[in-house]
>>> print(open('protein39.json').read())   # JSON, C-alpha atoms and all ligand atoms
[["chain", "number", "residue", "atom", "x", "y", "z"],
["A", 1, "MET", "CA", -7.06, 17.34, -8.52],
["A", 2, "SER", "CA", -4.39, 16.43, -5.99],
["A", 3, "GLY", "CA", -2.57, 19.75, -6.58],
["A", 4, "GLY", "CA", -0.94, 21.09, -3.46],
["A", 5, "VAL", "CA", -0.17, 17.56, -2.31],
["A", 6, "SER", "CA", 3.52, 16.68, -2.13],
["A", 7, "ILE", "CA", 5.09, 13.24, -1.86],
["A", 8, "ARG", "CA", 8.19, 12.50, 0.21],
["A", 9, "PRO", "CA", 9.83, 9.57, 2.02],
["A", 10, "ALA", "CA", 8.33, 8.90, 5.44],
["A", 11, "THR", "CA", 10.41, 9.69, 8.52],
["A", 12, "PRO", "CA", 10.18, 8.50, 12.16],
["A", 13, "ASP", "CA", 8.33, 11.76, 12.91],
["A", 14, "ASP", "CA", 5.46, 10.51, 10.73],
["A", 15, "VAL", "CA", 4.72, 7.38, 12.80],
["A", 16, "GLN", "CA", 1.73, 8.77, 14.70],
["A", 17, "ALA", "CA", 0.13, 10.35, 11.63],
["A", 18, "VAL", "CA", 0.60, 7.18, 9.56],
["A", 19, "LEU", "CA", -0.78, 5.11, 12.44],
["A", 20, "ASP", "CA", -3.88, 7.33, 12.57],
["A", 21, "LEU", "CA", -4.27, 7.18, 8.79],
["A", 22, "HIS", "CA", -4.08, 3.39, 8.56],
["A", 23, "ARG", "CA", -6.34, 2.88, 11.58],
["A", 24, "ALA", "CA", -8.95, 5.18, 10.05],
["A", 25, "ALA", "CA", -8.68, 3.45, 6.65],
["A", 26, "ALA", "CA", -8.97, 0.02, 8.29],
["A", 27, "VAL", "CA", -12.37, 0.89, 9.79],
["A", 28, "THR", "CA", -13.95, 0.35, 6.35],
["A", 29, "PRO", "CA", -14.10, -3.41, 5.74],
["A", 30, "GLY", "CA", -12.87, -4.82, 2.44],
["A", 31, "GLY", "CA", -9.91, -2.45, 2.06],
["A", 32, "LEU", "CA", -6.81, -2.97, 4.19],
["A", 33, "ALA", "CA", -6.20, -6.53, 5.35],
["A", 34, "ARG", "CA", -5.54, -5.52, 8.94],
["A", 35, "ALA", "CA", -8.34, -4.61, 11.31],
["A", 36, "PRO", "CA", -7.83, -1.32, 13.19],
["A", 37, "HIS", "CA", -6.64, -3.07, 16.37],
["A", 38, "GLU", "CA", -3.97, -4.89, 14.32],
["A", 39, "ILE", "CA", -2.40, -1.62, 13.20],
["A", 40, "SER", "CA", 0.07, -1.14, 16.02],
["A", 41, "ARG", "CA", 2.84, 1.37, 16.50],
["A", 42, "ASP", "CA", 5.34, -1.43, 15.95],
["A", 43, "TYR", "CA", 3.68, -2.32, 12.63],
["A", 44, "VAL", "CA", 4.01, 1.29, 11.43],
["A", 45, "GLU", "CA", 7.57, 1.68, 12.73],
["A", 46, "GLN", "CA", 8.58, -1.45, 10.82],
["A", 47, "ALA", "CA", 6.70, -0.32, 7.71],
["A", 48, "ILE", "CA", 8.50, 3.03, 7.73],
["A", 49, "GLY", "CA", 11.92, 2.13, 9.03],
["A", 50, "GLY", "CA", 12.34, -1.64, 9.26],
["A", 51, "ALA", "CA", 14.92, -3.61, 7.27],
["A", 52, "GLY", "CA", 14.29, -3.12, 3.55],
["A", 53, "ALA", "CA", 11.33, -0.84, 4.17],
["A", 54, "VAL", "CA", 10.34, 1.79, 1.61],
["A", 55, "SER", "CA", 7.61, 4.21, 2.64],
["A", 56, "LEU", "CA", 6.36, 7.41, 1.03],
["A", 57, "VAL", "CA", 3.77, 9.82, 2.37],
["A", 58, "ALA", "CA", 1.46, 12.27, 0.62],
["A", 59, "VAL", "CA", 1.37, 15.56, 2.51],
["A", 60, "GLY", "CA", -1.63, 17.82, 2.01],
["A", 61, "PRO", "CA", -1.53, 21.62, 1.86],
["A", 62, "ASP", "CA", -2.61, 21.62, 5.52],
["A", 63, "GLY", "CA", 0.58, 19.72, 6.43],
["A", 64, "GLY", "CA", -1.40, 16.57, 7.28],
["A", 65, "ILE", "CA", -0.57, 13.11, 5.98],
["A", 66, "TRP", "CA", -3.29, 12.32, 3.45],
["A", 67, "GLY", "CA", -1.85, 9.07, 2.15],
["A", 68, "GLU", "CA", 0.93, 6.54, 2.59],
["A", 69, "ILE", "CA", 2.40, 3.65, 0.60],
["A", 70, "HIS", "CA", 4.95, 1.12, 1.77],
["A", 71, "GLY", "CA", 6.61, -2.11, 0.78],
["A", 72, "ARG", "CA", 9.61, -4.17, 1.71],
["A", 73, "ARG", "CA", 12.62, -5.29, -0.31],
["A", 74, "GLU", "CA", 12.96, -9.06, -0.17],
["A", 75, "GLY", "CA", 15.91, -10.19, 1.97],
["A", 76, "VAL", "CA", 17.05, -13.24, -0.02],
["A", 77, "ALA", "CA", 19.59, -12.19, -2.69],
["A", 78, "LEU", "CA", 17.74, -14.02, -5.47],
["A", 79, "PHE", "CA", 14.67, -11.86, -4.81],
["A", 80, "ALA", "CA", 16.40, -8.63, -3.75],
["A", 81, "HIS", "CA", 15.13, -6.77, -6.85],
["A", 82, "VAL", "CA", 11.57, -7.29, -5.55],
["A", 83, "LEU", "CA", 9.60, -4.81, -3.44],
["A", 84, "ALA", "CA", 6.86, -6.94, -1.91],
["A", 85, "ASN", "CA", 3.73, -6.63, 0.19],
["A", 86, "LEU", "CA", 2.81, -3.18, -1.07],
["A", 87, "THR", "CA", 0.18, -1.50, 1.09],
["A", 88, "VAL", "CA", -1.44, 1.83, 0.30],
["A", 89, "ALA", "CA", -3.95, 3.95, 2.17],
["A", 90, "VAL", "CA", -5.45, 7.35, 1.40],
["A", 91, "HIS", "CA", -7.55, 9.24, 3.93],
["A", 92, "SER", "CA", -11.22, 8.44, 3.31],
["A", 93, "GLN", "CA", -12.09, 12.10, 2.65],
["A", 94, "ARG", "CA", -9.26, 12.43, 0.14],
["A", 95, "GLN", "CA", -9.89, 9.35, -1.99],
["A", 96, "GLY", "CA", -10.58, 9.64, -5.71],
["A", 97, "LEU", "CA", -8.39, 12.74, -6.10],
["A", 98, "GLY", "CA", -5.44, 10.96, -7.68],
["A", 99, "ILE", "CA", -3.37, 10.70, -4.49],
["A", 100, "GLY", "CA", -3.11, 6.90, -4.61],
["A", 101, "SER", "CA", -1.98, 7.08, -8.24],
["A", 102, "ARG", "CA", 0.61, 9.73, -7.40],
["A", 103, "LEU", "CA", 1.93, 7.67, -4.48],
["A", 104, "PHE", "CA", 2.44, 4.75, -6.86],
["A", 105, "ALA", "CA", 4.14, 6.93, -9.50],
["A", 106, "ALA", "CA", 6.51, 8.30, -6.86],
["A", 107, "LEU", "CA", 7.16, 4.84, -5.46],
["A", 108, "ILE", "CA", 8.02, 3.52, -8.93],
["A", 109, "ALA", "CA", 10.48, 6.38, -9.54],
["A", 110, "HIS", "CA", 11.98, 5.90, -6.07],
["A", 111, "ALA", "CA", 12.26, 2.13, -6.51],
["A", 112, "ARG", "CA", 14.01, 2.43, -9.87],
["A", 113, "ALA", "CA", 16.57, 4.82, -8.36],
["A", 114, "MET", "CA", 17.40, 2.58, -5.40],
["A", 115, "GLN", "CA", 20.74, 0.78, -5.27],
["A", 116, "PRO", "CA", 20.51, -1.97, -6.29],
["A", 117, "PRO", "CA", 17.36, -1.00, -8.19],
["A", 118, "ILE", "CA", 13.98, -2.51, -7.54],
["A", 119, "LEU", "CA", 12.78, -4.13, -10.79],
["A", 120, "ARG", "CA", 9.55, -5.71, -9.64],
["A", 121, "LEU", "CA", 6.61, -4.68, -7.42],
["A", 122, "GLU", "CA", 4.27, -7.20, -5.81],
["A", 123, "LEU", "CA", 0.97, -6.86, -4.00],
["A", 124, "ALA", "CA", -2.12, -8.78, -3.04],
["A", 125, "ALA", "CA", -5.62, -7.30, -3.12],
["A", 126, "GLY", "CA", -8.77, -8.77, -1.68],
["A", 127, "ALA", "CA", -11.21, -9.85, -4.40],
["A", 128, "GLY", "CA", -13.80, -7.78, -2.55],
["A", 129, "ASN", "CA", -11.86, -4.59, -3.30],
["A", 130, "PRO", "CA", -12.52, -4.12, -7.04],
["A", 131, "GLY", "CA", -11.77, -0.38, -6.86],
["A", 132, "ALA", "CA", -8.22, -1.06, -5.74],
["A", 133, "VAL", "CA", -7.77, -3.85, -8.32],
["A", 134, "ARG", "CA", -8.93, -1.46, -11.07],
["A", 135, "LEU", "CA", -6.42, 1.12, -9.90],
["A", 136, "TYR", "CA", -3.59, -1.44, -9.97],
["A", 137, "GLU", "CA", -4.61, -2.64, -13.44],
["A", 138, "ARG", "CA", -4.55, 0.96, -14.66],
["A", 139, "LEU", "CA", -1.04, 1.34, -13.25],
["A", 140, "GLY", "CA", 0.07, -1.67, -15.30],
["A", 141, "PHE", "CA", 0.01, -4.43, -12.69],
["A", 142, "GLN", "CA", -0.66, -7.89, -14.16],
["A", 143, "HIS", "CA", -2.87, -10.52, -12.57],
["A", 144, "GLU", "CA", -0.52, -13.31, -11.50],
["A", 145, "GLY", "CA", -2.72, -15.60, -9.49],
["A", 146, "ARG", "CA", -5.54, -16.03, -7.08],
["A", 147, "GLN", "CA", -5.38, -17.49, -3.60],
["A", 148, "ILE", "CA", -8.71, -19.08, -2.88],
["A", 149, "ALA", "CA", -10.25, -18.34, 0.54],
["A", 150, "ARG", "CA", -7.02, -16.69, 1.72],
["A", 151, "GLY", "CA", -9.00, -14.27, 3.89],
["A", 152, "ARG", "CA", -11.64, -15.11, 6.45],
["A", 153, "TYR", "CA", -13.78, -12.42, 8.06],
["A", 154, "PRO", "CA", -15.12, -12.50, 11.63],
["A", 155, "ASP", "CA", -18.57, -13.57, 10.34],
["A", 156, "GLY", "CA", -16.90, -16.61, 8.80],
["A", 157, "HIS", "CA", -17.11, -15.70, 5.13],
["A", 158, "PHE", "CA", -14.05, -16.24, 2.97],
["A", 159, "GLU", "CA", -12.45, -13.93, 0.44],
["A", 160, "ASP", "CA", -9.92, -14.72, -2.29],
["A", 161, "ASP", "CA", -6.69, -12.75, -2.62],
["A", 162, "ILE", "CA", -5.65, -11.53, -6.07],
["A", 163, "LEU", "CA", -1.87, -11.56, -6.60],
["A", 164, "MET", "CA", -0.55, -8.80, -8.85],
["A", 165, "GLY", "CA", 2.93, -7.86, -10.10],
["A", 166, "LEU", "CA", 4.53, -5.04, -12.07],
["A", 167, "LEU", "CA", 7.91, -5.23, -13.81],
["A", 168, "LEU", "CA", 9.69, -1.86, -13.80],
["A", 201, "LIG", "C1", -7.25, 2.24, -2.92],
["A", 201, "LIG", "C2", -6.81, 3.66, -2.59],
["A", 201, "LIG", "C3", -5.41, 3.67, -2.02],
["A", 201, "LIG", "C4", -6.81, 4.49, -3.88],
["A", 201, "LIG", "O1", -6.37, 5.79, -3.59],
["A", 201, "LIG", "P1", -7.08, 7.04, -4.29],
["A", 201, "LIG", "O2", -6.28, 8.25, -3.96],
["A", 201, "LIG", "O3", -8.51, 7.06, -3.95],
["A", 201, "LIG", "O4", -6.89, 6.63, -5.83],
["A", 201, "LIG", "P2", -6.87, 7.58, -7.10],
["A", 201, "LIG", "O5", -7.72, 8.78, -6.87],
["A", 201, "LIG", "O6", -5.49, 7.78, -7.56],
["A", 201, "LIG", "O7", -7.54, 6.60, -8.15],
["A", 201, "LIG", "C5", -8.93, 6.39, -8.09],
["A", 201, "LIG", "C6", -9.16, 4.92, -8.17],
["A", 201, "LIG", "O8", -8.89, 4.30, -6.94],
["A", 201, "LIG", "C7", -9.87, 3.33, -6.69],
["A", 201, "LIG", "N1", -10.63, 3.78, -5.52],
["A", 201, "LIG", "C8", -11.16, 4.97, -5.27],
["A", 201, "LIG", "N2", -11.77, 5.00, -4.06],
["A", 201, "LIG", "C9", -11.62, 3.76, -3.56],
["A", 201, "LIG", "C10", -12.03, 3.14, -2.35],
["A", 201, "LIG", "N3", -12.73, 3.78, -1.42],
["A", 201, "LIG", "N4", -11.66, 1.87, -2.14],
["A", 201, "LIG", "C11", -10.95, 1.21, -3.08],
["A", 201, "LIG", "N5", -10.55, 1.74, -4.25],
["A", 201, "LIG", "C12", -10.88, 3.01, -4.48],
["A", 201, "LIG", "C13", -10.73, 3.25, -7.92],
["A", 201, "LIG", "O9", -10.15, 2.33, -8.84],
["A", 201, "LIG", "C14", -10.61, 4.61, -8.48],
["A", 201, "LIG", "O10", -10.82, 4.61, -9.84],
["A", 201, "LIG", "P3", -12.29, 4.79, -10.43],
["A", 201, "LIG", "O11", -12.65, 6.20, -10.09],
["A", 201, "LIG", "O12", -12.11, 4.53, -11.87],
["A", 201, "LIG", "O13", -13.18, 3.80, -9.74],
["A", 201, "LIG", "C15", -7.77, 4.35, -1.57],
["A", 201, "LIG", "O14", -9.05, 4.34, -2.09],
["A", 201, "LIG", "C16", -7.79, 3.71, -0.20],
["A", 201, "LIG", "O15", -7.01, 4.08, 0.67],
["A", 201, "LIG", "N6", -8.70, 2.75, 0.06],
["A", 201, "LIG", "C17", -8.82, 2.12, 1.36],
["A", 201, "LIG", "C18", -7.62, 1.23, 1.67],
["A", 201, "LIG", "C19", -7.39, 0.21, 0.57],
["A", 201, "LIG", "O16", -8.33, -0.36, 0.02],
["A", 201, "LIG", "N7", -6.11, -0.02, 0.26],
["A", 201, "LIG", "C20", -5.72, -0.99, -0.75],
["A", 201, "LIG", "C21", -5.63, -2.36, -0.15],
["A", 201, "LIG", "S1", -5.25, -3.58, -1.42]]
>>> encode(input="protein39.json", output="structure tokens", more="lines below")
Ligand SMILES: CC(C)(COP(=O)(O)OP(=O)(O)OC[C@H]1O[C@@H](n2cnc3c(N)ncnc32)[C@H](O)[C@@H]1OP(=O)(O)O)[C@@H](O)C(=O)NCCC(=O)NCCS
Amino acid sequence: MSGGVSIRPATPDDVQAVLDLHRAAAVTPGGLARAPHEISRDYVEQAIGGAGAVSLVAVGPDGGIWGEIHGRREGVALFAHVLANLTVAVHSQRQGLGIGSRLFAALIAHARAMQPPILRLELAAGAGNPGAVRLYERLGFQHEGRQIARGRYPDGHFEDDILMGLLL
């Protein structure tokens, strides 16, 4: 279904497109943790090119960026095999086509090939995002914990965070 879409590492030339993608995805509540105004150019530059950053983009047949996934290698040597804080976004009109799954598959292959290799992936998903949790479960992520009332929305209601991990 996502034929014609190719996956490659993000480059500095992708900053604006990734910024637009994440801002658009953040408009729908209950998905990305950041609100649109919290997705700054600096945030994207760090996500793509900061220390320890790993970022892949899904490029559609039209040349547009349809999806992006990023994480960061932990800096402390004891945890340096861990890619943490994974964040993924697929353009709203391109969701459900397998692009998110393909971004994860490519990230896993990329992470295994890194030197030193990444051996563990970590992410947190809002409990109000069951679609994303189901996707992560299907990819093999294990439930590792729950942070009660970790999120608080502008209307004051709380949301738990679900911690998930995958050993490669
Ligand atoms: C979550 C997300 C990255 C999945 O990408 P995708 O390309 O749609 O995923 P795939 O097509 O490979 O897999 C489909 C699965 O993704 C999940 N999914 C699909 N649309 C979704 C949506 N709008 N929101 C959350 N999860 C969704 C579902 O588990 C779906 O499986 P299902 O059909 O059995 O319900 C994408 O929907 C998205 O960008 N959502 C908004 C941002 C977000 O929630 N990011 C994750 C934060 S933890």
>>> residues_near_ligand(input="protein39.json", ligand="ligand LIG 201 (chain A)", cutoff="10 Å", atoms="all atoms listed in the file", output="mmCIF file with C-alpha atoms, keeping the file's coordinate frame")
data_model
loop_
_atom_site.group_PDB
_atom_site.id
_atom_site.type_symbol
_atom_site.label_atom_id
_atom_site.label_comp_id
_atom_site.auth_asym_id
_atom_site.auth_seq_id
_atom_site.Cartn_x
_atom_site.Cartn_y
_atom_site.Cartn_z
ATOM 1 C CA MET A 1 -7.060 17.340 -8.520
ATOM 2 C CA SER A 2 -4.390 16.430 -5.990
ATOM 3 C CA LEU A 21 -4.270 7.180 8.790
ATOM 4 C CA HIS A 22 -4.080 3.390 8.560
ATOM 5 C CA ALA A 24 -8.950 5.180 10.050
ATOM 6 C CA ALA A 25 -8.680 3.450 6.650
ATOM 7 C CA ALA A 26 -8.970 0.020 8.290
ATOM 8 C CA VAL A 27 -12.370 0.890 9.790
ATOM 9 C CA THR A 28 -13.950 0.350 6.350
ATOM 10 C CA PRO A 29 -14.100 -3.410 5.740
ATOM 11 C CA GLY A 30 -12.870 -4.820 2.440
ATOM 12 C CA GLY A 31 -9.910 -2.450 2.060
ATOM 13 C CA LEU A 32 -6.810 -2.970 4.190
ATOM 14 C CA ALA A 33 -6.200 -6.530 5.350
ATOM 15 C CA ARG A 34 -5.540 -5.520 8.940
ATOM 16 C CA ALA A 58 1.460 12.270 0.620
ATOM 17 C CA TRP A 66 -3.290 12.320 3.450
ATOM 18 C CA GLY A 67 -1.850 9.070 2.150
ATOM 19 C CA GLU A 68 0.930 6.540 2.590
ATOM 20 C CA ILE A 69 2.400 3.650 0.600
ATOM 21 C CA ASN A 85 3.730 -6.630 0.190
ATOM 22 C CA LEU A 86 2.810 -3.180 -1.070
ATOM 23 C CA THR A 87 0.180 -1.500 1.090
ATOM 24 C CA VAL A 88 -1.440 1.830 0.300
ATOM 25 C CA ALA A 89 -3.950 3.950 2.170
ATOM 26 C CA VAL A 90 -5.450 7.350 1.400
ATOM 27 C CA HIS A 91 -7.550 9.240 3.930
ATOM 28 C CA SER A 92 -11.220 8.440 3.310
ATOM 29 C CA GLN A 93 -12.090 12.100 2.650
ATOM 30 C CA ARG A 94 -9.260 12.430 0.140
ATOM 31 C CA GLN A 95 -9.890 9.350 -1.990
ATOM 32 C CA GLY A 96 -10.580 9.640 -5.710
ATOM 33 C CA LEU A 97 -8.390 12.740 -6.100
ATOM 34 C CA GLY A 98 -5.440 10.960 -7.680
ATOM 35 C CA ILE A 99 -3.370 10.700 -4.490
ATOM 36 C CA GLY A 100 -3.110 6.900 -4.610
ATOM 37 C CA SER A 101 -1.980 7.080 -8.240
ATOM 38 C CA ARG A 102 0.610 9.730 -7.400
ATOM 39 C CA LEU A 103 1.930 7.670 -4.480
ATOM 40 C CA PHE A 104 2.440 4.750 -6.860
ATOM 41 C CA ALA A 105 4.140 6.930 -9.500
ATOM 42 C CA LEU A 123 0.970 -6.860 -4.000
ATOM 43 C CA ALA A 124 -2.120 -8.780 -3.040
ATOM 44 C CA ALA A 125 -5.620 -7.300 -3.120
ATOM 45 C CA GLY A 126 -8.770 -8.770 -1.680
ATOM 46 C CA ALA A 127 -11.210 -9.850 -4.400
ATOM 47 C CA GLY A 128 -13.800 -7.780 -2.550
ATOM 48 C CA ASN A 129 -11.860 -4.590 -3.300
ATOM 49 C CA PRO A 130 -12.520 -4.120 -7.040
ATOM 50 C CA GLY A 131 -11.770 -0.380 -6.860
ATOM 51 C CA ALA A 132 -8.220 -1.060 -5.740
ATOM 52 C CA VAL A 133 -7.770 -3.850 -8.320
ATOM 53 C CA ARG A 134 -8.930 -1.460 -11.070
ATOM 54 C CA LEU A 135 -6.420 1.120 -9.900
ATOM 55 C CA TYR A 136 -3.590 -1.440 -9.970
ATOM 56 C CA GLU A 137 -4.610 -2.640 -13.440
ATOM 57 C CA ARG A 138 -4.550 0.960 -14.660
ATOM 58 C CA LEU A 139 -1.040 1.340 -13.250
ATOM 59 C CA ASP A 161 -6.690 -12.750 -2.620
ATOM 60 C CA ILE A 162 -5.650 -11.530 -6.070
#
>>> atom_distance(input="protein39.json", atom1="atom CA of A:Leu83", atom2="atom CA of A:Glu45")
17.5 Å
>>> atom_distance(input="protein39.json", atom1="atom CA of A:Asp160", atom2="atom CA of A:Arg73")
24.5 Å
>>> residues_around(input="protein39.json", residues="A:Phe158", least_positions_apart="5", cutoff="10 Å", atoms="only C-alpha atoms", output="mmCIF file with C-alpha atoms, in the coordinates of the input")
data_model
loop_
_atom_site.group_PDB
_atom_site.id
_atom_site.type_symbol
_atom_site.label_atom_id
_atom_site.label_comp_id
_atom_site.auth_asym_id
_atom_site.auth_seq_id
_atom_site.Cartn_x
_atom_site.Cartn_y
_atom_site.Cartn_z
ATOM 1 C CA ILE A 148 -8.710 -19.080 -2.880
ATOM 2 C CA ALA A 149 -10.250 -18.340 0.540
ATOM 3 C CA ARG A 150 -7.020 -16.690 1.720
ATOM 4 C CA GLY A 151 -9.000 -14.270 3.890
ATOM 5 C CA ARG A 152 -11.640 -15.110 6.450
ATOM 6 C CA TYR A 153 -13.780 -12.420 8.060
#
>>> atom_distance(input="protein39.json", atom1="atom CA of A:Leu19", atom2="atom CA of A:Gln46")
11.5 Å
>>> residues_around(input="protein39.json", residues="A:Ala80", least_positions_apart="6", cutoff="12 Å", atoms="only C-alpha atoms", output="ChimeraX atom specification")
/A:52,72-74,111,114-121
>>> residues_around(input="protein39.json", residues="A:Val54", least_positions_apart="5", cutoff="8 Å", atoms="only C-alpha atoms", output="number ranges by chain")
A: 9, 47-49, 70-73
>>> residues_around(input="protein39.json", residues="A:Gly64", least_positions_apart="3", cutoff="10 Å", atoms="all atoms listed in the file", output="PyMOL selection string")
chain A and resi 5+14+17-18+21+57-61+67
